[in-house]
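Asker: Please read through the structure below; I'll follow up with questions.
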Amino acid sequence: MLNKKKITSRELLNAVSRSFAKSIPLLDRNKKAEVENQYLLLRFMDTIEDSKNHSLEHKSELLNRYFQILKSENDKGLTELITSVNNETIDEHDKLLVNHFREVFNKFMSFDDSVKDISMECLTEMGEGMLLFQTRKFKIGSELNHYCRSFQDLNKYCYYVAGTVGKYLTKLVKIRDGIDLDIQKALNFGRYLQKVNIIKDFLKDLEEMRHFWPTDLTPNTNPINLIVDPEARGQRLKILEKMITDAMKEFGPTFDYILSIPSKKRLRGYLAFCLVASLMATETLLEMWNNEDVFLNRRGVKISKLRFYQIYLFSKFGLYSRNRLMNYIDRIAASPLLA
């Protein structure tokens, strides 16, 4: 039986994402509910895509039903969809979202058509990309599911699952604030965050039998050997450097995008939102540089709580001036990440 207790979008967000639960509240009032809802819509899709119990055919069927319900703006079939997804969902936090998805759907229905249109554009493109990479996943000598053979594949994957979100955000700013921001740099922004997560989650993904690092990096090596082989230290750090170098290709355009956000009161929250995400990603890369914990520490590599709160509060209260940001960019340019 589905849980009928009322729950807010903010409570759902807190349950399924610690990072976005902190950054989305920074957004300006005229965009906050839309971005919050979009994240939950995307997370519902992700719950389907991540399921180990759904076959590829069933995932495709569920996503098609999902899109049809949203496009038709009719909740006919929604209860059946929720039940089908819930039956194969293991994570209790995801179950909470699935069981309360009707509230998310109803909120989506309350938005202007222009907002619903860009939302559907993002959702549809991401869903198509998810299914594409599900069909292209492959195995090399183990049960591990590989998704990318090359950095070109990685770029494409990161575009679908994160670049599309950057595009959605930029179009939302146009609708709500009448401001044109660079769509191409918005794609860099999304890919940057996703690439950092893929590096950071190396061990977590392996434990879930998934691997997103390009297999071209280790053509003759099972990625699991990078963990268990005590002689693999040099190889571990060499491919880590290549992954970070690739992620840093997105750094310049990402911060160009941020610097292009006008310093107007009604965009202060959007600037803070983008800053928190981008600065956290960059500081995480600094922590991961030449750090074997990426491969060996199940707790992962994280920046200190002190540094997180410094970034968060400086962003929230508008303390990152253009000069301060330019100095930060110069400091990163002189660091090993770009040296």
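Identifiers in this document derive from the order of the structure tokens: chains are assigned A, B, ..., residues are numbered from 1 separately in each chain, and ligands are numbered from 1 in order of occurrence.
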Excluding Ile239 of chain A and any residue of its chain fewer than 3 positions from it, enumerate the residues within 10 Å of it, using only C-alpha atoms, and give them as a PDB file with N, CA and C atoms, in the first residue's frame.
Answerer:
ATOM      1  N   TRP A 213      34.458   5.057 -16.224  1.00  0.00           N
ATOM      2  CA  TRP A 213      35.728   5.562 -16.733  1.00  0.00           C
ATOM      3  C   TRP A 213      35.998   4.893 -18.085  1.00  0.00           C
ATOM      4  N   PRO A 214      36.530   5.624 -19.071  1.00  0.00           N
ATOM      5  CA  PRO A 214      36.777   5.024 -20.393  1.00  0.00           C
ATOM      6  C   PRO A 214      37.677   3.787 -20.297  1.00  0.00           C
ATOM      7  N   LEU A 217      41.481   3.717 -21.075  1.00  0.00           N
ATOM      8  CA  LEU A 217      42.499   4.015 -20.066  1.00  0.00           C
ATOM      9  C   LEU A 217      43.176   2.753 -19.557  1.00  0.00           C
ATOM     10  N   THR A 218      42.423   1.658 -19.528  1.00  0.00           N
ATOM     11  CA  THR A 218      42.933   0.390 -18.986  1.00  0.00           C
ATOM     12  C   THR A 218      42.574  -0.747 -19.940  1.00  0.00           C
ATOM     13  N   GLY A 234      51.115   2.953  -9.395  1.00  0.00           N
ATOM     14  CA  GLY A 234      51.510   3.852 -10.470  1.00  0.00           C
ATOM     15  C   GLY A 234      50.430   3.972 -11.536  1.00  0.00           C
ATOM     16  N   GLN A 235      49.819   2.844 -11.884  1.00  0.00           N
ATOM     17  CA  GLN A 235      48.772   2.858 -12.896  1.00  0.00           C
ATOM     18  C   GLN A 235      47.540   3.599 -12.396  1.00  0.00           C
ATOM     19  N   ARG A 236      47.207   3.390 -11.124  1.00  0.00           N
ATOM     20  CA  ARG A 236      46.049   4.086 -10.538  1.00  0.00           C
ATOM     21  C   ARG A 236      46.205   5.589 -10.669  1.00  0.00           C
ATOM     22  N   LYS A 242      44.665  11.440 -15.783  1.00  0.00           N
ATOM     23  CA  LYS A 242      44.020  11.622 -17.086  1.00  0.00           C
ATOM     24  C   LYS A 242      42.542  11.974 -16.921  1.00  0.00           C
ATOM     25  N   MET A 243      41.881  11.354 -15.948  1.00  0.00           N
ATOM     26  CA  MET A 243      40.467  11.659 -15.706  1.00  0.00           C
ATOM     27  C   MET A 243      40.297  13.102 -15.220  1.00  0.00           C
ATOM     28  N   ILE A 244      41.166  13.526 -14.315  1.00  0.00           N
ATOM     29  CA  ILE A 244      41.071  14.896 -13.801  1.00  0.00           C
ATOM     30  C   ILE A 244      41.415  15.904 -14.891  1.00  0.00           C
ATOM     31  N   THR A 245      42.413  15.597 -15.702  1.00  0.00           N
ATOM     32  CA  THR A 245      42.780  16.487 -16.806  1.00  0.00           C
ATOM     33  C   THR A 245      41.606  16.662 -17.765  1.00  0.00           C
TER      34      THR A 245
END
Asker: If we count only C-alpha atoms and set the cut-off at 9 Å, which residues sit around Gly252 of chain A, ignoring sequence neighbours fewer than 4 positions away in its own chain? Please answer as a list in words.
Answerer: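 Within the cut-off, the hits are Asn188, Met248, Asp256, Tyr257 and Ile329 of chain A.
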Asker: Taking only residues of segment 58-114 of chain A that have an atom at most 12 Å from an atom of segment 28-44 of chain A, what is each one's shortest atom pair and its distance in Å to one decimal, using only C-alpha atoms, in chain and number order, as CSV?
Answerer:
residue,atom,partner,partner_atom,distance
A:Leu62,CA,A:Phe44,CA,10.9
A:Leu63,CA,A:Phe44,CA,9.8
A:Tyr66,CA,A:Phe44,CA,9.4
A:Phe67,CA,A:Leu41,CA,10.6
A:Leu70,CA,A:Leu41,CA,9.9
A:Leu81,CA,A:Phe44,CA,11.0
A:Ile82,CA,A:Phe44,CA,9.7
A:Val85,CA,A:Phe44,CA,9.0
A:Asn86,CA,A:Phe44,CA,10.4
A:Thr89,CA,A:Phe44,CA,10.6
A:His93,CA,A:Arg43,CA,11.0
A:Asp94,CA,A:Phe44,CA,7.8
A:Lys95,CA,A:Phe44,CA,9.6
A:Leu96,CA,A:Phe44,CA,10.5
A:Leu97,CA,A:Phe44,CA,7.2
A:Val98,CA,A:Phe44,CA,6.7
A:Asn99,CA,A:Phe44,CA,10.4
A:His100,CA,A:Phe44,CA,10.5
A:Phe101,CA,A:Phe44,CA,8.0
A:Arg102,CA,A:Leu41,CA,10.8
A:Glu103,CA,A:Asn37,CA,9.8
A:Val104,CA,A:Asn37,CA,6.5
A:Phe105,CA,A:Leu41,CA,8.1
A:Asn106,CA,A:Asn37,CA,10.0
A:Lys107,CA,A:Asn37,CA,7.2
A:Phe108,CA,A:Asn37,CA,6.7
A:Met109,CA,A:Asn37,CA,10.5
A:Ser110,CA,A:Glu34,CA,10.0
A:Phe111,CA,A:Glu34,CA,7.7
A:Asp112,CA,A:Glu34,CA,10.1
A:Ser114,CA,A:Glu34,CA,11.5
Asker: Pick the closest to Ser278 of chain A from A:Asn222, A:Met209, A:Tyr192, A:Leu259: which is it, counting only C-alpha atoms?
Answerer: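 Of the candidates, the smallest distance to Ser278 of chain A is held by A:Tyr192.
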Asker: Nearest residue to Asp177 of chain A out of A:Asn220, A:Ala162, A:Leu154, A:Pro262, using only C-alpha atoms?
Answerer: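 Among the listed residues, A:Pro262 lies closest to Asp177 of chain A.
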